[in-house]
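Have a look at start-v7.txt below; it lists compact mmCIF, N, CA and C atoms and all ligand atoms.
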# COMPACT_ATOMS: atom_id res chain seq x y z
N MET F 1 -24.01 105.99 109.15
CA MET F 1 -23.81 105.27 110.41
C MET F 1 -24.58 103.95 110.42
N LYS F 2 -23.94 102.90 110.86
CA LYS F 2 -24.63 101.63 111.05
C LYS F 2 -25.36 101.65 112.38
N SER F 3 -26.34 100.78 112.52
CA SER F 3 -26.99 100.64 113.83
C SER F 3 -26.40 99.40 114.49
N SER F 4 -25.90 99.54 115.71
CA SER F 4 -25.17 98.44 116.34
C SER F 4 -26.07 97.26 116.69
N ASP F 5 -27.41 97.49 116.78
CA ASP F 5 -28.27 96.35 117.10
C ASP F 5 -29.08 95.86 115.88
N CYS F 6 -28.67 96.27 114.67
CA CYS F 6 -29.40 95.85 113.46
C CYS F 6 -28.73 94.62 112.86
N ILE F 7 -29.53 93.57 112.69
CA ILE F 7 -28.98 92.31 112.19
C ILE F 7 -28.45 92.45 110.75
N PHE F 8 -29.09 93.29 109.93
CA PHE F 8 -28.61 93.45 108.55
C PHE F 8 -27.36 94.33 108.50
N CYS F 9 -27.24 95.31 109.38
CA CYS F 9 -25.97 96.07 109.49
C CYS F 9 -24.84 95.11 109.87
N LYS F 10 -25.14 94.17 110.76
CA LYS F 10 -24.11 93.22 111.19
C LYS F 10 -23.71 92.30 110.04
N ILE F 11 -24.69 91.89 109.23
CA ILE F 11 -24.38 91.05 108.06
C ILE F 11 -23.52 91.84 107.07
N VAL F 12 -23.89 93.10 106.82
CA VAL F 12 -23.11 93.95 105.89
C VAL F 12 -21.68 94.10 106.40
N ALA F 13 -21.53 94.26 107.71
CA ALA F 13 -20.19 94.44 108.30
C ALA F 13 -19.41 93.14 108.40
N GLY F 14 -20.06 92.01 108.14
CA GLY F 14 -19.39 90.71 108.24
C GLY F 14 -19.30 90.21 109.67
N ASP F 15 -20.06 90.81 110.58
CA ASP F 15 -19.99 90.41 111.99
C ASP F 15 -20.83 89.16 112.28
N ILE F 16 -21.87 88.92 111.46
CA ILE F 16 -22.57 87.64 111.55
C ILE F 16 -22.65 87.06 110.14
N PRO F 17 -22.69 85.73 110.03
CA PRO F 17 -22.61 85.12 108.70
C PRO F 17 -23.92 85.21 107.92
N ALA F 18 -23.79 85.19 106.61
CA ALA F 18 -24.96 85.11 105.72
C ALA F 18 -24.49 84.43 104.44
N ASP F 19 -25.44 83.85 103.71
CA ASP F 19 -25.12 83.24 102.43
C ASP F 19 -25.28 84.29 101.34
N ALA F 20 -24.21 85.07 101.13
CA ALA F 20 -24.25 86.14 100.12
C ALA F 20 -24.31 85.53 98.73
N VAL F 21 -25.09 86.16 97.84
CA VAL F 21 -25.15 85.68 96.46
C VAL F 21 -24.67 86.74 95.47
N TYR F 22 -24.63 88.00 95.90
CA TYR F 22 -24.17 89.09 95.03
C TYR F 22 -23.82 90.28 95.91
N GLU F 23 -22.76 91.01 95.51
CA GLU F 23 -22.39 92.22 96.25
C GLU F 23 -21.79 93.21 95.29
N ASP F 24 -22.10 94.48 95.46
CA ASP F 24 -21.36 95.52 94.74
C ASP F 24 -21.09 96.65 95.73
N GLU F 25 -20.66 97.79 95.23
CA GLU F 25 -20.23 98.88 96.11
C GLU F 25 -21.34 99.32 97.07
N LYS F 26 -22.58 99.33 96.58
CA LYS F 26 -23.67 99.90 97.38
C LYS F 26 -24.67 98.91 97.95
N THR F 27 -24.64 97.67 97.48
CA THR F 27 -25.69 96.72 97.89
C THR F 27 -25.14 95.34 98.18
N LEU F 28 -25.93 94.59 98.95
CA LEU F 28 -25.60 93.19 99.23
C LEU F 28 -26.88 92.37 99.09
N ALA F 29 -26.76 91.20 98.46
CA ALA F 29 -27.89 90.26 98.35
C ALA F 29 -27.48 88.96 99.04
N PHE F 30 -28.36 88.45 99.89
CA PHE F 30 -28.06 87.20 100.63
C PHE F 30 -29.35 86.41 100.83
N LEU F 31 -29.20 85.11 101.09
CA LEU F 31 -30.37 84.25 101.25
C LEU F 31 -31.12 84.59 102.54
N ASP F 32 -32.46 84.64 102.44
CA ASP F 32 -33.29 84.75 103.64
C ASP F 32 -33.14 83.44 104.43
N ILE F 33 -32.97 83.59 105.74
CA ILE F 33 -32.70 82.43 106.60
C ILE F 33 -33.93 81.51 106.75
N ARG F 34 -35.14 82.08 106.51
CA ARG F 34 -36.39 81.29 106.58
C ARG F 34 -37.17 81.51 105.29
N PRO F 35 -36.77 80.82 104.23
CA PRO F 35 -37.32 81.14 102.91
C PRO F 35 -38.77 80.69 102.70
N VAL F 36 -39.50 81.47 101.91
CA VAL F 36 -40.81 81.01 101.40
C VAL F 36 -40.55 79.81 100.49
N ASN F 37 -39.61 79.98 99.58
CA ASN F 37 -39.13 78.89 98.72
C ASN F 37 -37.61 78.98 98.67
N ALA F 38 -36.92 77.88 98.39
CA ALA F 38 -35.46 77.91 98.30
C ALA F 38 -35.04 78.94 97.25
N GLY F 39 -34.05 79.74 97.59
CA GLY F 39 -33.59 80.80 96.69
C GLY F 39 -34.13 82.17 97.06
N HIS F 40 -35.08 82.22 98.02
CA HIS F 40 -35.62 83.48 98.54
C HIS F 40 -34.44 84.35 99.00
N THR F 41 -34.30 85.50 98.40
CA THR F 41 -33.13 86.36 98.60
C THR F 41 -33.54 87.74 99.07
N LEU F 42 -32.72 88.35 99.92
CA LEU F 42 -32.94 89.71 100.39
C LEU F 42 -31.87 90.62 99.80
N VAL F 43 -32.28 91.82 99.42
CA VAL F 43 -31.33 92.83 98.92
C VAL F 43 -31.37 94.03 99.84
N VAL F 44 -30.19 94.45 100.33
CA VAL F 44 -30.12 95.59 101.26
C VAL F 44 -29.09 96.60 100.75
N PRO F 45 -29.32 97.89 101.08
CA PRO F 45 -28.27 98.88 100.84
C PRO F 45 -27.21 98.75 101.94
N LYS F 46 -25.93 98.99 101.58
CA LYS F 46 -24.84 98.82 102.55
C LYS F 46 -24.49 100.13 103.26
N ASN F 47 -24.96 101.24 102.69
CA ASN F 47 -24.59 102.55 103.18
C ASN F 47 -25.51 102.96 104.34
N GLY F 48 -25.00 102.94 105.58
CA GLY F 48 -25.78 103.39 106.73
C GLY F 48 -26.90 102.42 107.07
N HIS F 49 -27.94 102.95 107.67
CA HIS F 49 -29.02 102.11 108.21
C HIS F 49 -30.38 102.75 107.89
N PRO F 50 -30.72 102.87 106.58
CA PRO F 50 -32.05 103.41 106.24
C PRO F 50 -33.12 102.42 106.69
N HIS F 51 -34.18 102.92 107.31
CA HIS F 51 -35.18 102.04 107.91
C HIS F 51 -36.11 101.40 106.88
N ASN F 52 -36.57 102.19 105.95
CA ASN F 52 -37.63 101.72 105.05
C ASN F 52 -37.72 102.63 103.82
N ILE F 53 -38.73 102.42 103.00
CA ILE F 53 -38.88 103.19 101.76
C ILE F 53 -39.00 104.69 102.04
N PHE F 54 -39.45 105.02 103.26
CA PHE F 54 -39.71 106.44 103.57
C PHE F 54 -38.44 107.22 103.87
N ASP F 55 -37.36 106.56 104.20
CA ASP F 55 -36.14 107.34 104.47
C ASP F 55 -34.89 106.86 103.75
N VAL F 56 -35.05 105.94 102.79
CA VAL F 56 -33.87 105.54 102.00
C VAL F 56 -33.59 106.66 100.98
N SER F 57 -32.31 106.92 100.72
CA SER F 57 -31.96 107.98 99.75
C SER F 57 -32.30 107.51 98.34
N ALA F 58 -32.50 108.48 97.45
CA ALA F 58 -32.80 108.15 96.04
C ALA F 58 -31.66 107.32 95.44
N ALA F 59 -30.42 107.67 95.79
CA ALA F 59 -29.26 106.96 95.22
C ALA F 59 -29.20 105.51 95.72
N ASP F 60 -29.43 105.32 97.01
CA ASP F 60 -29.41 103.95 97.53
C ASP F 60 -30.58 103.13 96.99
N TRP F 61 -31.72 103.77 96.86
CA TRP F 61 -32.89 103.08 96.30
C TRP F 61 -32.64 102.66 94.86
N ALA F 62 -32.02 103.55 94.09
CA ALA F 62 -31.71 103.22 92.69
C ALA F 62 -30.76 102.02 92.65
N ALA F 63 -29.78 102.01 93.54
CA ALA F 63 -28.81 100.91 93.57
C ALA F 63 -29.50 99.60 93.97
N VAL F 64 -30.37 99.66 94.98
CA VAL F 64 -31.10 98.46 95.41
C VAL F 64 -31.96 97.94 94.25
N SER F 65 -32.65 98.85 93.56
CA SER F 65 -33.54 98.42 92.45
C SER F 65 -32.75 97.70 91.37
N GLU F 66 -31.58 98.23 91.03
CA GLU F 66 -30.80 97.61 89.96
C GLU F 66 -30.28 96.23 90.41
N THR F 67 -29.89 96.14 91.68
CA THR F 67 -29.44 94.84 92.18
C THR F 67 -30.60 93.85 92.20
N VAL F 68 -31.78 94.31 92.58
CA VAL F 68 -32.96 93.43 92.58
C VAL F 68 -33.21 92.90 91.16
N ARG F 69 -33.07 93.79 90.17
CA ARG F 69 -33.29 93.36 88.78
C ARG F 69 -32.29 92.25 88.40
N LYS F 70 -31.01 92.50 88.68
CA LYS F 70 -29.97 91.52 88.32
C LYS F 70 -30.16 90.20 89.07
N VAL F 71 -30.41 90.31 90.37
CA VAL F 71 -30.47 89.09 91.19
C VAL F 71 -31.75 88.30 90.86
N SER F 72 -32.82 89.00 90.49
CA SER F 72 -34.05 88.30 90.08
C SER F 72 -33.77 87.38 88.89
N LEU F 73 -33.03 87.89 87.92
CA LEU F 73 -32.68 87.07 86.75
C LEU F 73 -31.88 85.83 87.18
N ALA F 74 -30.91 86.08 88.09
CA ALA F 74 -30.04 84.98 88.54
C ALA F 74 -30.83 83.94 89.33
N VAL F 75 -31.70 84.41 90.23
CA VAL F 75 -32.47 83.47 91.07
C VAL F 75 -33.42 82.65 90.21
N GLU F 76 -34.12 83.31 89.28
CA GLU F 76 -35.08 82.56 88.46
C GLU F 76 -34.36 81.45 87.68
N LYS F 77 -33.22 81.83 87.08
CA LYS F 77 -32.45 80.86 86.29
C LYS F 77 -31.87 79.75 87.17
N ALA F 78 -31.21 80.16 88.25
CA ALA F 78 -30.51 79.18 89.10
C ALA F 78 -31.46 78.17 89.72
N MET F 79 -32.66 78.64 90.10
CA MET F 79 -33.60 77.77 90.79
C MET F 79 -34.58 77.11 89.82
N SER F 80 -34.45 77.40 88.51
CA SER F 80 -35.43 76.94 87.52
C SER F 80 -36.84 77.30 87.97
N ALA F 81 -36.99 78.54 88.45
CA ALA F 81 -38.29 79.00 88.93
C ALA F 81 -39.18 79.38 87.75
N ARG F 82 -40.49 79.48 88.01
CA ARG F 82 -41.46 79.81 86.97
C ARG F 82 -41.91 81.25 87.06
N GLY F 83 -41.29 82.02 87.96
CA GLY F 83 -41.64 83.43 88.14
C GLY F 83 -41.02 83.91 89.44
N ILE F 84 -41.15 85.22 89.68
CA ILE F 84 -40.54 85.84 90.86
C ILE F 84 -41.56 86.82 91.44
N ASN F 85 -41.75 86.82 92.74
CA ASN F 85 -42.47 87.92 93.41
C ASN F 85 -41.44 88.81 94.09
N LEU F 86 -41.61 90.12 93.92
CA LEU F 86 -40.82 91.10 94.67
C LEU F 86 -41.72 91.64 95.76
N MET F 87 -41.19 91.67 96.98
CA MET F 87 -42.02 92.05 98.13
C MET F 87 -41.22 92.96 99.04
N MET F 88 -41.88 93.96 99.59
CA MET F 88 -41.20 94.85 100.52
C MET F 88 -42.17 95.26 101.61
N ASN F 89 -41.78 95.06 102.85
CA ASN F 89 -42.61 95.45 103.99
C ASN F 89 -42.03 96.74 104.58
N ASN F 90 -42.87 97.73 104.77
CA ASN F 90 -42.42 99.01 105.30
C ASN F 90 -43.23 99.39 106.53
N ARG F 91 -42.58 99.39 107.66
CA ARG F 91 -43.12 99.67 108.98
C ARG F 91 -43.84 98.43 109.53
N GLU F 92 -43.96 98.47 110.85
CA GLU F 92 -44.47 97.33 111.60
C GLU F 92 -45.84 96.84 111.11
N HIS F 93 -46.75 97.78 110.84
CA HIS F 93 -48.10 97.37 110.46
C HIS F 93 -48.18 96.78 109.07
N ALA F 94 -47.11 96.94 108.31
CA ALA F 94 -47.03 96.31 106.99
C ALA F 94 -46.22 95.02 107.07
N GLY F 95 -45.89 94.59 108.29
CA GLY F 95 -45.19 93.31 108.45
C GLY F 95 -43.68 93.41 108.49
N GLN F 96 -43.14 94.65 108.58
CA GLN F 96 -41.68 94.78 108.64
C GLN F 96 -41.17 94.36 110.01
N VAL F 97 -40.24 93.43 110.02
CA VAL F 97 -39.66 92.94 111.27
C VAL F 97 -38.24 93.48 111.44
N VAL F 98 -37.46 93.44 110.37
CA VAL F 98 -36.08 93.97 110.44
C VAL F 98 -36.10 95.39 109.90
N ASP F 99 -35.67 96.32 110.75
CA ASP F 99 -35.84 97.74 110.48
C ASP F 99 -34.69 98.32 109.65
N HIS F 100 -34.34 97.65 108.57
CA HIS F 100 -33.29 98.09 107.64
C HIS F 100 -33.83 97.77 106.25
N VAL F 101 -33.96 98.79 105.40
CA VAL F 101 -34.55 98.59 104.07
C VAL F 101 -34.13 97.28 103.42
N HIS F 102 -35.09 96.49 102.97
CA HIS F 102 -34.75 95.27 102.24
C HIS F 102 -35.90 94.87 101.33
N LEU F 103 -35.53 94.31 100.20
CA LEU F 103 -36.51 93.78 99.27
C LEU F 103 -36.40 92.27 99.23
N HIS F 104 -37.54 91.61 99.23
CA HIS F 104 -37.57 90.15 99.12
C HIS F 104 -37.69 89.75 97.64
N ILE F 105 -36.83 88.85 97.20
CA ILE F 105 -36.95 88.25 95.87
C ILE F 105 -37.38 86.80 96.11
N ILE F 106 -38.62 86.49 95.73
CA ILE F 106 -39.18 85.17 96.07
C ILE F 106 -39.44 84.37 94.78
N PRO F 107 -38.65 83.31 94.57
CA PRO F 107 -38.90 82.49 93.38
C PRO F 107 -40.19 81.70 93.53
N ARG F 108 -40.92 81.55 92.45
CA ARG F 108 -42.20 80.86 92.49
C ARG F 108 -42.17 79.61 91.61
N PHE F 109 -42.91 78.62 92.07
CA PHE F 109 -42.94 77.33 91.39
C PHE F 109 -44.39 76.91 91.23
N ALA F 110 -44.66 76.14 90.19
CA ALA F 110 -46.02 75.67 89.96
C ALA F 110 -46.51 74.94 91.21
N GLY F 111 -47.69 75.34 91.70
CA GLY F 111 -48.30 74.63 92.83
C GLY F 111 -47.59 74.83 94.15
N ASP F 112 -46.81 75.94 94.31
CA ASP F 112 -46.11 76.13 95.59
C ASP F 112 -47.03 76.59 96.71
N GLY F 113 -48.27 76.93 96.36
CA GLY F 113 -49.28 77.17 97.39
C GLY F 113 -49.25 78.56 98.01
N LEU F 114 -48.29 79.40 97.62
CA LEU F 114 -48.23 80.75 98.21
C LEU F 114 -49.40 81.59 97.71
N LYS F 115 -50.18 82.10 98.69
CA LYS F 115 -51.35 82.92 98.33
C LYS F 115 -50.99 84.39 98.53
N LEU F 116 -51.31 85.21 97.57
CA LEU F 116 -51.06 86.65 97.73
C LEU F 116 -52.32 87.31 98.28
N TRP F 117 -52.41 88.64 98.19
CA TRP F 117 -53.43 89.37 98.93
C TRP F 117 -54.84 89.24 98.33
N PRO F 118 -55.84 89.32 99.21
CA PRO F 118 -57.23 89.38 98.72
C PRO F 118 -57.52 90.77 98.15
N GLN F 119 -58.39 90.86 97.17
CA GLN F 119 -58.73 92.15 96.55
C GLN F 119 -60.24 92.35 96.59
N HIS F 120 -60.65 93.64 96.45
CA HIS F 120 -62.08 93.96 96.42
C HIS F 120 -62.28 95.17 95.53
N PRO F 121 -63.47 95.36 94.98
CA PRO F 121 -63.71 96.51 94.10
C PRO F 121 -63.93 97.80 94.91
N TYR F 122 -63.67 98.97 94.29
CA TYR F 122 -64.03 100.26 94.91
C TYR F 122 -65.54 100.43 94.85
N LYS F 123 -66.05 101.22 95.82
CA LYS F 123 -67.46 101.62 95.74
C LYS F 123 -67.59 102.74 94.71
N GLU F 124 -68.79 103.01 94.29
CA GLU F 124 -69.08 104.08 93.32
C GLU F 124 -68.43 105.41 93.76
N GLY F 125 -67.58 105.98 92.92
CA GLY F 125 -66.99 107.30 93.20
C GLY F 125 -65.77 107.27 94.12
N GLU F 126 -65.52 106.15 94.75
CA GLU F 126 -64.44 106.07 95.74
C GLU F 126 -63.05 106.18 95.08
N ALA F 127 -62.86 105.54 93.95
CA ALA F 127 -61.53 105.54 93.30
C ALA F 127 -61.12 106.97 92.94
N GLU F 128 -62.05 107.77 92.43
CA GLU F 128 -61.73 109.16 92.05
C GLU F 128 -61.29 109.95 93.27
N ALA F 129 -61.98 109.77 94.40
CA ALA F 129 -61.63 110.50 95.63
C ALA F 129 -60.27 110.06 96.17
N VAL F 130 -60.01 108.79 96.11
CA VAL F 130 -58.73 108.27 96.60
C VAL F 130 -57.59 108.77 95.72
N ALA F 131 -57.78 108.71 94.40
CA ALA F 131 -56.73 109.18 93.48
C ALA F 131 -56.44 110.66 93.72
N GLU F 132 -57.48 111.46 93.97
CA GLU F 132 -57.29 112.89 94.21
C GLU F 132 -56.50 113.14 95.49
N LYS F 133 -56.78 112.37 96.54
CA LYS F 133 -56.03 112.49 97.80
C LYS F 133 -54.55 112.24 97.59
N ILE F 134 -54.24 111.22 96.81
CA ILE F 134 -52.82 110.88 96.58
C ILE F 134 -52.16 111.94 95.69
N ARG F 135 -52.85 112.36 94.62
CA ARG F 135 -52.28 113.40 93.74
C ARG F 135 -51.94 114.66 94.52
N ALA F 136 -52.76 114.98 95.53
CA ALA F 136 -52.58 116.21 96.32
C ALA F 136 -51.29 116.20 97.13
N GLN F 137 -50.65 115.04 97.27
CA GLN F 137 -49.40 114.94 98.04
C GLN F 137 -48.17 115.42 97.24
N PHE F 138 -48.33 115.54 95.92
CA PHE F 138 -47.15 115.91 95.10
C PHE F 138 -47.04 117.41 94.94
P1 LIG F 201 -39.45 91.57 107.00
O1 LIG F 201 -40.67 90.97 107.61
O2 LIG F 201 -39.70 92.11 105.63
O3 LIG F 201 -38.77 92.57 107.91
O4 LIG F 201 -38.48 90.36 106.76
C1 LIG F 201 -37.31 90.10 107.47
C2 LIG F 201 -36.71 88.84 106.90
O5 LIG F 201 -35.40 88.69 107.38
C3 LIG F 201 -37.46 87.55 107.28
O6 LIG F 201 -37.94 86.92 106.08
C4 LIG F 201 -36.41 86.70 108.00
O7 LIG F 201 -36.49 85.33 107.70
C5 LIG F 201 -35.11 87.32 107.50
N1 LIG F 201 -33.98 87.20 108.40
C6 LIG F 201 -33.94 87.47 109.73
N2 LIG F 201 -32.71 87.27 110.23
C7 LIG F 201 -31.94 86.86 109.18
C8 LIG F 201 -30.58 86.47 109.05
N3 LIG F 201 -29.74 86.47 110.09
N4 LIG F 201 -30.13 86.09 107.83
C9 LIG F 201 -30.97 86.08 106.78
N5 LIG F 201 -32.26 86.44 106.83
C10 LIG F 201 -32.74 86.82 108.02
ZN ZN F 202 -29.21 98.31 109.67
As structure tokens, what does this structure read like?
Amino acid sequence: MKSSDCIFCKIVAGDIPADAVYEDEKTLAFLDIRPVNAGHTLVVPKNGHPHNIFDVSAADWAAVSETVRKVSLAVEKAMSARGINLMMNNREHAGQVVDHVHLHIIPRFAGDGLKLWPQHPYKEGEAEAVAEKIRAQF
């Protein structure tokens, strides 16, 4: 089922326009309307309205991943980019605004000024405890 108030469902259905760059049976790739850099592309699954990484099906995720791989090659070449960042926001606190699974393909250029995340070291013993917490989920 599509969501009637989802902007990406509407793009998939052709109800609002988008600059599509690639489409197959399960996925659609189109230009982000407010790009970090020209060529910034979004890839979405076309089947239903999965919200994020937590509820997308394995089959749709596999299809999205393969489209991201193909479109990354095309974007880097077409834009003469020097690299690509893949980005995905899941849930509001991670910066997700559109509630329909999507991956950002962001072409990068020398000196484009985009800063990624700050990092910090673990405290003594912390990494082992964190890894154990995550392992316990499987
Ligand atoms: P996110 O923060 O990961 O949910 O990103 C949503 C992205 O969708 C933003 O980068 C927006 O610029 C983009 N966006 C919103 N509306 C449209 C639209 N109609 N066509 C293309 N991209 C859109
Ligand atoms: Zn949707």
request  = Can you check which residues of stretch 25-110 of chain F DSSP gives as strand (DSSP E) on the backbone and send them as number ranges by chain?
outcome  = F: 27-31, 41-45, 83-87, 103-108
Please build the interface table for stretch 59-113 of chain F against stretch 4-10 of chain F with a cut-off of 7 Å, listing for each qualifying residue the nearest atom pair and the distance in Å to one decimal; count all atoms listed in the file, order rows by chain and increasing number, and write it as a tab-separated table.
residue	atom	partner	partner_atom	distance
F:Val98	CA	F:Ile7	N	6.9
F:Asp99	N	F:Cys6	CA	6.8
F:His100	CA	F:Phe8	CA	6.7
Which parts of stretch 19-119 of chain F does DSSP call alpha helix (DSSP H) when run on the backbone here, written out as a PyMOL selection string?
-> chain F and resi 58-78
For ligand LIG 201 (chain F), return the neighbouring residues as a VMD selection string (distance at most 8 Å; all atoms listed in the file).
chain F and resid 7 to 8 11 16 to 19 30 to 36 41 to 42 87 to 91 94 to 104
The distance between atom CA of F:Leu28 and atom C of F:Trp61 is 12.6 Å
From atom C of F:Ala63 to atom N of F:Met79 the spacing works out at 21.5 Å
field: Selected residue, from F:Asn85, F:Asn47, F:Ser80, F:Thr27, that lies nearest to ligand ZN 202 (chain F) when counting only C-alpha atoms and all ligand atoms
entry: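 Closest residue, counting only C-alpha atoms and all ligand atoms: F:Asn47.
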What separates atom N of F:Pro45 and atom C of F:Trp117 is a distance of 27.1 Å
**Nearest candidate to ligand ZN 202 (chain F) (options F:Phe109, F:His49, F:Glu23, F:Gly39; using only N, CA and C atoms and all ligand atoms)** =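 The shortest atom-to-atom distance to ligand ZN 202 (chain F) comes from F:His49.
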Residue with the minimum atom-to-atom distance to F:Val43, picked from F:Ala59, F:Leu86, F:Ile134, F:Ala81 with only C-alpha atoms counted, is F:Leu86
Nearest residue to F:Tyr22 out of F:Val71, F:Met1, F:Ala110, F:Leu116, using all atoms listed in the file?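 Between F:Val71, F:Met1, F:Ala110, F:Leu116, the residue approaching F:Tyr22 most closely is F:Val71.
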